[in-house]
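K.L.:
Take a look at this one; I'll ask things after.
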Number of protein chains: 2
Amino acid sequence: MTQVADRQSPERKRNKEETKNNILVVATEEFADKGFAGARIDEIAARTQTTKRMFYYYFSDKEGLYKAVVHRVIRQIRAEEQRVDVDDLAPLDALRRIAEITFDYHEAHPEFVRVMADVNTNYAALWPDGKQEELAGPIVGQLERVIERGVELGDINPATKAVDLHFIITSFSFFRISNQYTFDKLFGRRTIDPRDRERMRRILGDLVVSHAAAR
Amino acid sequence: MTQVADRQSPERKRNKEETKNNILVVATEEFADKGFAGARIDEIAARTQTTKRMFYYYFSDKEGLYKAVVHRVIRQIRAEEQRVDVDDLAPLDALRRIAEITFDYHEAHPEFVRVMADVNTNYAALWPDGKQEELAGPIVGQLERVIERGVELGDINPATKAVDLHFIITSFSFFRISNQYTFDKLFGRRTIDPRDRERMRRILGDLVVSHAAAR
DNA sequence: CTCCTAATGTACGAAATGGTGAGTGAGCCT
DNA sequence: AGGCTCACTCACCATTTCGTACATTAGGAG
């Protein structure tokens, strides 16, 4: 019995990975809630199991911590997309399915939406280091494969571009969450009302299909 | 010749309206650029022709100034919409035209997009006082009239809802501006590239038409 | 001309905020 | 056992930031 196992054990007092992760989880909540400028280091510290000094020990400064948070939320949505498998659906059904998955993800993960909105507030000046492909993920490639398949079958318009489809899907799904508060104030509709949810989801699917379908 | 004219004259040194407006214009830029939490009162002061003390004199505090800015940018887009006249277009053409006008407005007024995004960051907790109808404006009513006309002619699906149409148009137009930085980082497409602009504009018009058109 | 009030300017303070210097001790290695 | 490293703690600081008490002036009223 070596002690290697103990190194990973939860009761270990000093645990680099656990501490870092604990900070990241709390920081994600705080940054998602208040944005970069509104988030307070001391506030995060109070809700962490460690002290403020640890941020600076592991993440250099507020910006470093923020970049780590951004990286984290993007990695999570990409991981979800990785699991998408629509190969056994007809092309147009596959597109609708991808749209629905994205729609659902945005609703289930408002922290992703809020962090991304805040990154744009800062003109994406605080962007995590790392490869662009790793962050972009497989989604556009998946759409391309479906399009290719659909074109061969004559179901999909050959002029259809994957990035355009992704833009349509994402703008609809993202805005519904990000702008729910002002949209509801202005037009008195509970944007995320469960009763409206199904209709909105269907509308998006219809839009995607009608955009891609062969004439 | 009464002196009433002089009261409005530009060379007047002390001018309530002009001072307030000057502050509002600068504050709009600053809040749009940095958001509520990131904006700095002293920074606004430095770029104004008056002193910081005037904010508090006219707008009570930072929140009051922010609310005034929000009110202002919303009033401006509604004023633009007020001028829309599509009564002499065929219903489906009218819808496309309204979509294009909204699309163009968002592109021409990023400060509107940025301020609204920031309001949502704050869960719309800082919302200007005033009537909801005044802020919502005429856009939904205009869409409703076009739909009604189209249904009578048999061009438009009777199930079409004006708010849904407005959601489709706005989410597309808004996201294209608000999320341009992250979308471009991730998918390497200059979202507001002039060469892409026409295609995006057309895509939105097509989506709107296909959503509303009678089967 | 003088007074009075609305409008403007000056200078400052209290609290919050991001960040750090210096030390401590847990746990691994030999 | 004992030393060494690195994860961790504590107390502290320099600025920044919102806000205000108080002084001052423009300009209309009478």
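Ligands are numbered from 1 in the order shown, chains are lettered A, B, ... in the order of the structure tokens, and residues start at 1 in each chain.
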Extract, using only C-alpha atoms (C1' of nucleotides), all DNA, RNA and protein residues at most 7 Å from region 100-105 of chain B, discarding same-chain residues fewer than 6 positions from it, and format them as a ChimeraX atom specification.

P.N.:
/B:173,201,205

K.L.:
Please dump the current selection as a PDB file, in the first residue's frame; keep C-alpha atoms.

P.N.:
ATOM      1  CA  SER B 173     -29.926  41.650 -34.990  1.00  0.00           C
ATOM      2  CA  ARG B 201     -29.406  40.796 -43.744  1.00  0.00           C
ATOM      3  CA  GLY B 205     -35.392  38.622 -44.068  1.00  0.00           C
TER       4      GLY B 205
END

K.L.:
Env of region 1-16 of chain D: 8 Å cut, atoms = only C-alpha atoms (C1' of nucleotides), seq-sep filter 6 positions within chain, self excluded. Answer as a ChimeraX atom specification.

P.N.:
/A:14-16,51,54 /C:17,24

K.L.:
Please write the residues from the selection above to a file, keeping N, CA and C atoms (P, O5', C5', C4', C3', O3' and C1' of nucleotides), as a PDB file, in the first residue's frame.

P.N.:
ATOM      1  N   ARG A  14      -4.029  19.548   2.444  1.00  0.00           N
ATOM      2  CA  ARG A  14      -3.458  20.414   1.421  1.00  0.00           C
ATOM      3  C   ARG A  14      -3.643  19.738   0.080  1.00  0.00           C
ATOM      4  N   ASN A  15      -4.449  20.329  -0.755  1.00  0.00           N
ATOM      5  CA  ASN A  15      -4.762  19.685  -2.018  1.00  0.00           C
ATOM      6  C   ASN A  15      -4.880  20.738  -3.107  1.00  0.00           C
ATOM      7  N   LYS A  16      -3.857  20.814  -3.902  1.00  0.00           N
ATOM      8  CA  LYS A  16      -3.763  21.824  -4.949  1.00  0.00           C
ATOM      9  C   LYS A  16      -4.984  21.832  -5.875  1.00  0.00           C
ATOM     10  N   THR A  51      -8.548  31.212   1.409  1.00  0.00           N
ATOM     11  CA  THR A  51      -8.456  32.659   1.598  1.00  0.00           C
ATOM     12  C   THR A  51      -8.133  33.364   0.285  1.00  0.00           C
ATOM     13  N   MET A  54      -5.024  32.912  -1.964  1.00  0.00           N
ATOM     14  CA  MET A  54      -4.896  31.758  -2.864  1.00  0.00           C
ATOM     15  C   MET A  54      -5.172  32.098  -4.314  1.00  0.00           C
TER      16      MET A  54
ATOM     17  P    DT C  17     -16.459  46.788  -2.757  1.00  0.00           P
ATOM     18  O5'  DT C  17     -15.016  46.667  -3.392  1.00  0.00           O
ATOM     19  C5'  DT C  17     -14.512  47.727  -4.185  1.00  0.00           C
ATOM     20  C4'  DT C  17     -13.077  47.454  -4.522  1.00  0.00           C
ATOM     21  C3'  DT C  17     -12.717  45.968  -4.538  1.00  0.00           C
ATOM     22  O3'  DT C  17     -12.275  45.626  -5.837  1.00  0.00           O
ATOM     23  C1'  DT C  17     -11.089  47.258  -3.372  1.00  0.00           C
ATOM     24  P    DT C  24       6.531  32.532  11.785  1.00  0.00           P
ATOM     25  O5'  DT C  24       5.526  31.346  11.483  1.00  0.00           O
ATOM     26  C5'  DT C  24       4.137  31.618  11.277  1.00  0.00           C
ATOM     27  C4'  DT C  24       3.469  30.361  10.773  1.00  0.00           C
ATOM     28  C3'  DT C  24       4.075  29.057  11.297  1.00  0.00           C
ATOM     29  O3'  DT C  24       3.019  28.166  11.600  1.00  0.00           O
ATOM     30  C1'  DT C  24       4.005  29.000   8.964  1.00  0.00           C
TER      31       DT C  24
END

K.L.:
Residues near Gly141 (chain A), anyone? I mean within 12 Å using only C-alpha atoms (C1' of nucleotides), not counting same-chain ones fewer than 4 positions away, as an NGL selection string.

P.N.:
(:A and (81-82 or 84 or 133 or 136-137 or 145-148 or 161-163 or 165-166)) or (:B and (187))

K.L.:
I need the contact residues of chain D against chain B, so if you could list those with any atom within 12 Å, counting only C-alpha atoms (C1' of nucleotides), and return them as JSON, numbers by chain, that would help.

P.N.:
{"D": [16, 17, 18, 19, 20, 21, 25, 26, 27, 28]}

K.L.:
Is it possible to see chain B as a PDB file with C-alpha atoms, in the first residue's frame, once it has been laid onto chain A by a least-squares fit on every C-alpha atom in order?

P.N.:
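Final output, saved to selection12.pdb:
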ATOM      1  CA  MET B   1      -0.184  -0.365  -1.006  1.00  0.00           C
ATOM      2  CA  THR B   2       1.648   2.748  -2.058  1.00  0.00           C
ATOM      3  CA  GLN B   3       0.658   6.126  -0.751  1.00  0.00           C
ATOM      4  CA  VAL B   4      -0.176   7.416  -4.181  1.00  0.00           C
ATOM      5  CA  ALA B   5      -3.861   6.681  -3.595  1.00  0.00           C
ATOM      6  CA  ASP B   6      -3.883   8.844  -0.513  1.00  0.00           C
ATOM      7  CA  ARG B   7      -2.554  11.757  -2.431  1.00  0.00           C
ATOM      8  CA  GLN B   8      -5.830  11.921  -4.332  1.00  0.00           C
ATOM      9  CA  SER B   9      -8.036  11.164  -1.356  1.00  0.00           C
ATOM     10  CA  PRO B  10     -10.630  13.756  -0.411  1.00  0.00           C
ATOM     11  CA  GLU B  11      -9.642  13.966   3.259  1.00  0.00           C
ATOM     12  CA  ARG B  12      -6.290  15.346   2.254  1.00  0.00           C
ATOM     13  CA  LYS B  13      -5.964  18.765   3.873  1.00  0.00           C
ATOM     14  CA  ARG B  14      -3.729  20.433   1.355  1.00  0.00           C
ATOM     15  CA  ASN B  15      -4.867  19.663  -2.128  1.00  0.00           C
ATOM     16  CA  LYS B  16      -3.838  21.831  -5.017  1.00  0.00           C
ATOM     17  CA  GLU B  17      -6.420  20.625  -7.504  1.00  0.00           C
ATOM     18  CA  GLU B  18      -9.288  20.753  -5.080  1.00  0.00           C
ATOM     19  CA  THR B  19      -8.437  24.234  -3.909  1.00  0.00           C
ATOM     20  CA  LYS B  20      -8.120  25.527  -7.439  1.00  0.00           C
ATOM     21  CA  ASN B  21     -11.384  23.940  -8.411  1.00  0.00           C
ATOM     22  CA  ASN B  22     -13.166  25.287  -5.378  1.00  0.00           C
ATOM     23  CA  ILE B  23     -12.010  28.771  -6.277  1.00  0.00           C
ATOM     24  CA  LEU B  24     -13.059  28.337  -9.902  1.00  0.00           C
ATOM     25  CA  VAL B  25     -16.547  27.176  -9.042  1.00  0.00           C
ATOM     26  CA  VAL B  26     -17.192  30.108  -6.735  1.00  0.00           C
ATOM     27  CA  ALA B  27     -15.531  32.568  -9.104  1.00  0.00           C
ATOM     28  CA  THR B  28     -17.712  31.347 -11.961  1.00  0.00           C
ATOM     29  CA  GLU B  29     -20.822  32.083  -9.944  1.00  0.00           C
ATOM     30  CA  GLU B  30     -19.593  35.523  -8.945  1.00  0.00           C
ATOM     31  CA  PHE B  31     -18.371  36.573 -12.386  1.00  0.00           C
ATOM     32  CA  ALA B  32     -21.535  35.238 -13.999  1.00  0.00           C
ATOM     33  CA  ASP B  33     -23.626  37.147 -11.505  1.00  0.00           C
ATOM     34  CA  LYS B  34     -21.822  40.490 -11.500  1.00  0.00           C
ATOM     35  CA  GLY B  35     -19.499  40.521 -14.510  1.00  0.00           C
ATOM     36  CA  PHE B  36     -15.807  41.277 -14.401  1.00  0.00           C
ATOM     37  CA  ALA B  37     -16.099  44.865 -13.226  1.00  0.00           C
ATOM     38  CA  GLY B  38     -18.840  44.139 -10.724  1.00  0.00           C
ATOM     39  CA  ALA B  39     -17.335  41.011  -9.190  1.00  0.00           C
ATOM     40  CA  ARG B  40     -15.490  41.463  -5.918  1.00  0.00           C
ATOM     41  CA  ILE B  41     -12.441  39.458  -5.006  1.00  0.00           C
ATOM     42  CA  ASP B  42     -13.258  39.674  -1.336  1.00  0.00           C
ATOM     43  CA  GLU B  43     -16.768  38.467  -2.012  1.00  0.00           C
ATOM     44  CA  ILE B  44     -15.462  35.370  -3.760  1.00  0.00           C
ATOM     45  CA  ALA B  45     -13.027  34.821  -0.942  1.00  0.00           C
ATOM     46  CA  ALA B  46     -15.788  34.863   1.649  1.00  0.00           C
ATOM     47  CA  ARG B  47     -17.656  32.096  -0.157  1.00  0.00           C
ATOM     48  CA  THR B  48     -14.612  29.921  -0.707  1.00  0.00           C
ATOM     49  CA  GLN B  49     -13.133  27.416   1.667  1.00  0.00           C
ATOM     50  CA  THR B  50      -9.764  29.097   1.340  1.00  0.00           C
ATOM     51  CA  THR B  51      -8.500  32.649   1.568  1.00  0.00           C
ATOM     52  CA  LYS B  52      -8.070  35.436  -0.925  1.00  0.00           C
ATOM     53  CA  ARG B  53      -4.355  34.897  -0.982  1.00  0.00           C
ATOM     54  CA  MET B  54      -4.924  31.668  -2.904  1.00  0.00           C
ATOM     55  CA  PHE B  55      -6.333  33.472  -5.943  1.00  0.00           C
ATOM     56  CA  TYR B  56      -3.142  35.316  -6.371  1.00  0.00           C
ATOM     57  CA  TYR B  57      -1.126  32.212  -5.680  1.00  0.00           C
ATOM     58  CA  TYR B  58      -2.851  30.206  -8.386  1.00  0.00           C
ATOM     59  CA  PHE B  59      -4.247  32.767 -10.799  1.00  0.00           C
ATOM     60  CA  SER B  60      -1.920  35.769 -10.545  1.00  0.00           C
ATOM     61  CA  ASP B  61      -4.648  38.397 -10.439  1.00  0.00           C
ATOM     62  CA  LYS B  62      -8.299  39.141 -11.093  1.00  0.00           C
ATOM     63  CA  GLU B  63      -7.826  38.970 -14.843  1.00  0.00           C
ATOM     64  CA  GLY B  64      -6.120  35.612 -14.641  1.00  0.00           C
ATOM     65  CA  LEU B  65      -8.949  34.223 -12.575  1.00  0.00           C
ATOM     66  CA  TYR B  66     -11.478  35.613 -15.025  1.00  0.00           C
ATOM     67  CA  LYS B  67      -9.740  34.049 -17.984  1.00  0.00           C
ATOM     68  CA  ALA B  68      -9.735  30.716 -16.217  1.00  0.00           C
ATOM     69  CA  VAL B  69     -13.473  31.047 -15.610  1.00  0.00           C
ATOM     70  CA  VAL B  70     -14.133  31.874 -19.261  1.00  0.00           C
ATOM     71  CA  HIS B  71     -12.058  28.918 -20.347  1.00  0.00           C
ATOM     72  CA  ARG B  72     -13.990  26.691 -18.010  1.00  0.00           C
ATOM     73  CA  VAL B  73     -17.505  27.606 -19.123  1.00  0.00           C
ATOM     74  CA  ILE B  74     -16.565  27.275 -22.769  1.00  0.00           C
ATOM     75  CA  ARG B  75     -14.937  23.916 -22.205  1.00  0.00           C
ATOM     76  CA  GLN B  76     -18.125  22.723 -20.533  1.00  0.00           C
ATOM     77  CA  ILE B  77     -20.447  23.509 -23.426  1.00  0.00           C
ATOM     78  CA  ARG B  78     -17.991  21.941 -25.858  1.00  0.00           C
ATOM     79  CA  ALA B  79     -17.915  18.787 -23.762  1.00  0.00           C
ATOM     80  CA  GLU B  80     -21.676  18.621 -24.018  1.00  0.00           C
ATOM     81  CA  GLU B  81     -21.586  19.093 -27.780  1.00  0.00           C
ATOM     82  CA  GLN B  82     -19.013  16.344 -28.051  1.00  0.00           C
ATOM     83  CA  ARG B  83     -21.653  13.896 -26.911  1.00  0.00           C
ATOM     84  CA  VAL B  84     -24.108  14.829 -29.638  1.00  0.00           C
ATOM     85  CA  ASP B  85     -24.749  11.975 -32.007  1.00  0.00           C
ATOM     86  CA  VAL B  86     -27.173  12.572 -34.841  1.00  0.00           C
ATOM     87  CA  ASP B  87     -25.773  10.186 -37.396  1.00  0.00           C
ATOM     88  CA  ASP B  88     -28.851   7.978 -37.401  1.00  0.00           C
ATOM     89  CA  LEU B  89     -31.286  10.819 -38.008  1.00  0.00           C
ATOM     90  CA  ALA B  90     -32.427  12.139 -41.367  1.00  0.00           C
ATOM     91  CA  PRO B  91     -30.444  15.320 -42.161  1.00  0.00           C
ATOM     92  CA  LEU B  92     -33.240  17.806 -41.495  1.00  0.00           C
ATOM     93  CA  ASP B  93     -34.197  16.001 -38.312  1.00  0.00           C
ATOM     94  CA  ALA B  94     -30.558  16.051 -37.303  1.00  0.00           C
ATOM     95  CA  LEU B  95     -30.418  19.827 -37.738  1.00  0.00           C
ATOM     96  CA  ARG B  96     -33.526  20.273 -35.661  1.00  0.00           C
ATOM     97  CA  ARG B  97     -32.082  18.026 -33.001  1.00  0.00           C
ATOM     98  CA  ILE B  98     -28.847  20.007 -32.835  1.00  0.00           C
ATOM     99  CA  ALA B  99     -30.838  23.218 -32.543  1.00  0.00           C
ATOM    100  CA  GLU B 100     -32.851  21.779 -29.683  1.00  0.00           C
ATOM    101  CA  ILE B 101     -29.764  20.622 -27.849  1.00  0.00           C
ATOM    102  CA  THR B 102     -28.226  24.074 -28.095  1.00  0.00           C
ATOM    103  CA  PHE B 103     -31.508  25.669 -27.073  1.00  0.00           C
ATOM    104  CA  ASP B 104     -31.700  23.447 -24.026  1.00  0.00           C
ATOM    105  CA  TYR B 105     -28.092  24.005 -23.070  1.00  0.00           C
ATOM    106  CA  HIS B 106     -28.475  27.773 -22.954  1.00  0.00           C
ATOM    107  CA  GLU B 107     -31.540  27.472 -20.801  1.00  0.00           C
ATOM    108  CA  ALA B 108     -29.892  25.018 -18.441  1.00  0.00           C
ATOM    109  CA  HIS B 109     -26.667  27.012 -18.166  1.00  0.00           C
ATOM    110  CA  PRO B 110     -27.385  30.693 -17.731  1.00  0.00           C
ATOM    111  CA  GLU B 111     -23.949  31.113 -16.194  1.00  0.00           C
ATOM    112  CA  PHE B 112     -22.473  30.330 -19.615  1.00  0.00           C
ATOM    113  CA  VAL B 113     -24.692  32.924 -21.233  1.00  0.00           C
ATOM    114  CA  ARG B 114     -23.923  35.556 -18.625  1.00  0.00           C
ATOM    115  CA  VAL B 115     -20.181  35.042 -18.719  1.00  0.00           C
ATOM    116  CA  MET B 116     -20.077  35.198 -22.502  1.00  0.00           C
ATOM    117  CA  ALA B 117     -22.193  38.347 -22.506  1.00  0.00           C
ATOM    118  CA  ASP B 118     -19.765  39.910 -20.077  1.00  0.00           C
ATOM    119  CA  VAL B 119     -16.769  38.923 -22.163  1.00  0.00           C
ATOM    120  CA  ASN B 120     -18.323  40.827 -25.033  1.00  0.00           C
ATOM    121  CA  THR B 121     -18.902  43.808 -22.772  1.00  0.00           C
ATOM    122  CA  ASN B 122     -15.135  43.896 -22.437  1.00  0.00           C
ATOM    123  CA  TYR B 123     -14.669  43.544 -26.203  1.00  0.00           C
ATOM    124  CA  ALA B 124     -13.243  40.084 -25.518  1.00  0.00           C
ATOM    125  CA  ALA B 125     -10.081  41.733 -24.251  1.00  0.00           C
ATOM    126  CA  LEU B 126      -9.929  39.151 -21.471  1.00  0.00           C
ATOM    127  CA  TRP B 127      -9.785  36.029 -23.545  1.00  0.00           C
ATOM    128  CA  PRO B 128      -8.279  32.802 -22.242  1.00  0.00           C
ATOM    129  CA  ASP B 129      -5.012  31.670 -23.725  1.00  0.00           C
ATOM    130  CA  GLY B 130      -5.062  28.425 -25.623  1.00  0.00           C
ATOM    131  CA  LYS B 131      -5.827  27.040 -29.014  1.00  0.00           C
ATOM    132  CA  GLN B 132      -8.764  28.448 -30.888  1.00  0.00           C
ATOM    133  CA  GLU B 133      -9.874  25.014 -32.082  1.00  0.00           C
ATOM    134  CA  GLU B 134     -10.066  23.678 -28.569  1.00  0.00           C
ATOM    135  CA  LEU B 135     -12.496  26.452 -27.644  1.00  0.00           C
ATOM    136  CA  ALA B 136     -14.512  26.436 -30.855  1.00  0.00           C
ATOM    137  CA  GLY B 137     -15.266  22.765 -30.403  1.00  0.00           C
ATOM    138  CA  PRO B 138     -16.836  20.259 -32.747  1.00  0.00           C
ATOM    139  CA  ILE B 139     -20.206  21.907 -33.353  1.00  0.00           C
ATOM    140  CA  VAL B 140     -19.489  23.505 -36.705  1.00  0.00           C
ATOM    141  CA  GLY B 141     -17.849  20.333 -37.969  1.00  0.00           C
ATOM    142  CA  GLN B 142     -20.877  18.341 -36.931  1.00  0.00           C
ATOM    143  CA  LEU B 143     -23.176  20.697 -38.804  1.00  0.00           C
ATOM    144  CA  GLU B 144     -20.957  20.422 -41.848  1.00  0.00           C
ATOM    145  CA  ARG B 145     -21.211  16.636 -41.845  1.00  0.00           C
ATOM    146  CA  VAL B 146     -24.991  16.760 -41.622  1.00  0.00           C
ATOM    147  CA  ILE B 147     -25.163  19.294 -44.445  1.00  0.00           C
ATOM    148  CA  GLU B 148     -22.940  17.158 -46.620  1.00  0.00           C
ATOM    149  CA  ARG B 149     -25.120  14.157 -45.987  1.00  0.00           C
ATOM    150  CA  GLY B 150     -28.282  16.142 -46.701  1.00  0.00           C
ATOM    151  CA  VAL B 151     -26.959  17.578 -49.925  1.00  0.00           C
ATOM    152  CA  GLU B 152     -26.204  14.107 -51.237  1.00  0.00           C
ATOM    153  CA  LEU B 153     -29.728  12.985 -50.395  1.00  0.00           C
ATOM    154  CA  GLY B 154     -31.201  16.093 -51.980  1.00  0.00           C
ATOM    155  CA  ASP B 155     -32.798  17.209 -48.702  1.00  0.00           C
ATOM    156  CA  ILE B 156     -30.537  20.163 -48.057  1.00  0.00           C
ATOM    157  CA  ASN B 157     -29.738  23.212 -50.121  1.00  0.00           C
ATOM    158  CA  PRO B 158     -26.071  22.986 -51.240  1.00  0.00           C
ATOM    159  CA  ALA B 159     -25.581  26.696 -50.529  1.00  0.00           C
ATOM    160  CA  THR B 160     -26.171  26.154 -46.812  1.00  0.00           C
ATOM    161  CA  LYS B 161     -23.253  27.181 -44.628  1.00  0.00           C
ATOM    162  CA  ALA B 162     -22.585  25.551 -41.293  1.00  0.00           C
ATOM    163  CA  VAL B 163     -21.512  28.757 -39.576  1.00  0.00           C
ATOM    164  CA  ASP B 164     -24.714  30.483 -40.662  1.00  0.00           C
ATOM    165  CA  LEU B 165     -26.764  27.692 -39.208  1.00  0.00           C
ATOM    166  CA  HIS B 166     -24.803  27.878 -36.002  1.00  0.00           C
ATOM    167  CA  PHE B 167     -25.350  31.624 -35.894  1.00  0.00           C
ATOM    168  CA  ILE B 168     -29.102  31.247 -36.296  1.00  0.00           C
ATOM    169  CA  ILE B 169     -29.287  28.621 -33.599  1.00  0.00           C
ATOM    170  CA  THR B 170     -27.040  30.393 -31.141  1.00  0.00           C
ATOM    171  CA  SER B 171     -28.400  33.908 -31.561  1.00  0.00           C
ATOM    172  CA  PHE B 172     -31.918  32.679 -30.885  1.00  0.00           C
ATOM    173  CA  SER B 173     -30.959  30.514 -27.925  1.00  0.00           C
ATOM    174  CA  PHE B 174     -28.548  33.003 -26.426  1.00  0.00           C
ATOM    175  CA  PHE B 175     -30.734  36.089 -26.704  1.00  0.00           C
ATOM    176  CA  ARG B 176     -33.679  34.310 -25.154  1.00  0.00           C
ATOM    177  CA  ILE B 177     -31.656  33.901 -21.960  1.00  0.00           C
ATOM    178  CA  SER B 178     -29.369  36.909 -22.030  1.00  0.00           C
ATOM    179  CA  ASN B 179     -32.053  39.489 -22.782  1.00  0.00           C
ATOM    180  CA  GLN B 180     -34.966  37.940 -20.962  1.00  0.00           C
ATOM    181  CA  TYR B 181     -35.165  40.744 -18.407  1.00  0.00           C
ATOM    182  CA  THR B 182     -35.408  43.689 -20.772  1.00  0.00           C
ATOM    183  CA  PHE B 183     -37.497  41.834 -23.328  1.00  0.00           C
ATOM    184  CA  ASP B 184     -39.982  40.920 -20.641  1.00  0.00           C
ATOM    185  CA  LYS B 185     -40.070  44.468 -19.283  1.00  0.00           C
ATOM    186  CA  LEU B 186     -40.702  45.862 -22.729  1.00  0.00           C
ATOM    187  CA  PHE B 187     -43.060  43.318 -24.209  1.00  0.00           C
ATOM    188  CA  GLY B 188     -44.585  41.805 -21.117  1.00  0.00           C
ATOM    189  CA  ARG B 189     -43.894  38.265 -22.096  1.00  0.00           C
ATOM    190  CA  ARG B 190     -42.187  35.892 -19.742  1.00  0.00           C
ATOM    191  CA  THR B 191     -39.555  34.807 -22.225  1.00  0.00           C
ATOM    192  CA  ILE B 192     -38.625  31.717 -20.310  1.00  0.00           C
ATOM    193  CA  ASP B 193     -42.122  30.858 -19.227  1.00  0.00           C
ATOM    194  CA  PRO B 194     -42.427  27.054 -19.465  1.00  0.00           C
ATOM    195  CA  ARG B 195     -45.633  27.419 -21.461  1.00  0.00           C
ATOM    196  CA  ASP B 196     -43.848  29.492 -24.068  1.00  0.00           C
ATOM    197  CA  ARG B 197     -40.772  27.330 -23.981  1.00  0.00           C
ATOM    198  CA  GLU B 198     -42.091  24.559 -26.195  1.00  0.00           C
ATOM    199  CA  ARG B 199     -43.352  26.988 -28.782  1.00  0.00           C
ATOM    200  CA  MET B 200     -40.065  28.878 -28.882  1.00  0.00           C
ATOM    201  CA  ARG B 201     -38.178  25.630 -29.215  1.00  0.00           C
ATOM    202  CA  ARG B 202     -40.340  24.594 -32.098  1.00  0.00           C
ATOM    203  CA  ILE B 203     -40.029  27.975 -33.789  1.00  0.00           C
ATOM    204  CA  LEU B 204     -36.246  27.694 -33.720  1.00  0.00           C
ATOM    205  CA  GLY B 205     -36.365  24.196 -35.158  1.00  0.00           C
ATOM    206  CA  ASP B 206     -38.665  25.362 -37.934  1.00  0.00           C
ATOM    207  CA  LEU B 207     -36.413  28.298 -38.750  1.00  0.00           C
ATOM    208  CA  VAL B 208     -33.379  26.057 -39.000  1.00  0.00           C
ATOM    209  CA  VAL B 209     -35.141  23.541 -41.177  1.00  0.00           C
ATOM    210  CA  SER B 210     -36.585  26.165 -43.484  1.00  0.00           C
ATOM    211  CA  HIS B 211     -33.203  27.812 -43.830  1.00  0.00           C
ATOM    212  CA  ALA B 212     -31.448  24.603 -44.802  1.00  0.00           C
ATOM    213  CA  ALA B 213     -34.127  22.736 -46.690  1.00  0.00           C
ATOM    214  CA  ALA B 214     -33.795  22.311 -50.431  1.00  0.00           C
ATOM    215  CA  ARG B 215     -36.349  24.443 -52.257  1.00  0.00           C
TER     216      ARG B 215
END

K.L.:
Residues of chain C within 12 Å of chain B, counting only C-alpha atoms (C1' of nucleotides), what are they? List them as a ChimeraX atom specification.

P.N.:
/C:6-11

K.L.:
Give me a file of those residues, with N, CA and C atoms (P, O5', C5', C4', C3', O3' and C1' of nucleotides), as a PDB file, in the first residue's frame.

P.N.:
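File written: part_22.pdb
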ATOM      1  P    DA C   6     -34.658  77.870  -6.157  1.00  0.00           P
ATOM      2  O5'  DA C   6     -34.159  77.467  -7.625  1.00  0.00           O
ATOM      3  C5'  DA C   6     -34.413  78.357  -8.702  1.00  0.00           C
ATOM      4  C4'  DA C   6     -33.228  78.323  -9.646  1.00  0.00           C
ATOM      5  C3'  DA C   6     -32.699  76.930  -9.954  1.00  0.00           C
ATOM      6  O3'  DA C   6     -32.374  76.878 -11.333  1.00  0.00           O
ATOM      7  C1'  DA C   6     -30.955  78.240  -9.052  1.00  0.00           C
ATOM      8  P    DA C   7     -31.850  75.514 -11.999  1.00  0.00           P
ATOM      9  O5'  DA C   7     -30.281  75.765 -12.066  1.00  0.00           O
ATOM     10  C5'  DA C   7     -29.789  76.826 -12.876  1.00  0.00           C
ATOM     11  C4'  DA C   7     -28.296  76.942 -12.704  1.00  0.00           C
ATOM     12  C3'  DA C   7     -27.511  75.656 -12.985  1.00  0.00           C
ATOM     13  O3'  DA C   7     -26.528  75.959 -13.958  1.00  0.00           O
ATOM     14  C1'  DA C   7     -26.830  76.624 -10.934  1.00  0.00           C
ATOM     15  P    DT C   8     -25.573  74.802 -14.544  1.00  0.00           P
ATOM     16  O5'  DT C   8     -24.251  74.974 -13.673  1.00  0.00           O
ATOM     17  C5'  DT C   8     -23.541  76.202 -13.716  1.00  0.00           C
ATOM     18  C4'  DT C   8     -22.446  76.218 -12.679  1.00  0.00           C
ATOM     19  C3'  DT C   8     -21.469  75.046 -12.741  1.00  0.00           C
ATOM     20  O3'  DT C   8     -20.206  75.533 -13.159  1.00  0.00           O
ATOM     21  C1'  DT C   8     -21.992  75.660 -10.521  1.00  0.00           C
ATOM     22  P    DG C   9     -18.989  74.553 -13.416  1.00  0.00           P
ATOM     23  O5'  DG C   9     -18.103  74.816 -12.110  1.00  0.00           O
ATOM     24  C5'  DG C   9     -17.825  76.152 -11.726  1.00  0.00           C
ATOM     25  C4'  DG C   9     -17.006  76.169 -10.451  1.00  0.00           C
ATOM     26  C3'  DG C   9     -15.880  75.124 -10.397  1.00  0.00           C
ATOM     27  O3'  DG C   9     -14.702  75.742  -9.918  1.00  0.00           O
ATOM     28  C1'  DG C   9     -17.282  74.892  -8.503  1.00  0.00           C
ATOM     29  P    DT C  10     -13.352  74.912  -9.831  1.00  0.00           P
ATOM     30  O5'  DT C  10     -13.175  74.632  -8.275  1.00  0.00           O
ATOM     31  C5'  DT C  10     -13.625  75.583  -7.331  1.00  0.00           C
ATOM     32  C4'  DT C  10     -13.143  75.185  -5.943  1.00  0.00           C
ATOM     33  C3'  DT C  10     -11.964  74.222  -5.901  1.00  0.00           C
ATOM     34  O3'  DT C  10     -11.104  74.590  -4.846  1.00  0.00           O
ATOM     35  C1'  DT C  10     -13.804  73.254  -4.791  1.00  0.00           C
ATOM     36  P    DA C  11      -9.697  73.858  -4.627  1.00  0.00           P
ATOM     37  O5'  DA C  11      -9.933  73.064  -3.273  1.00  0.00           O
ATOM     38  C5'  DA C  11     -10.848  73.572  -2.301  1.00  0.00           C
ATOM     39  C4'  DA C  11     -11.179  72.461  -1.335  1.00  0.00           C
ATOM     40  C3'  DA C  11     -10.037  71.460  -1.131  1.00  0.00           C
ATOM     41  O3'  DA C  11      -9.825  71.293   0.256  1.00  0.00           O
ATOM     42  C1'  DA C  11     -12.021  70.325  -1.727  1.00  0.00           C
TER      43       DA C  11
END
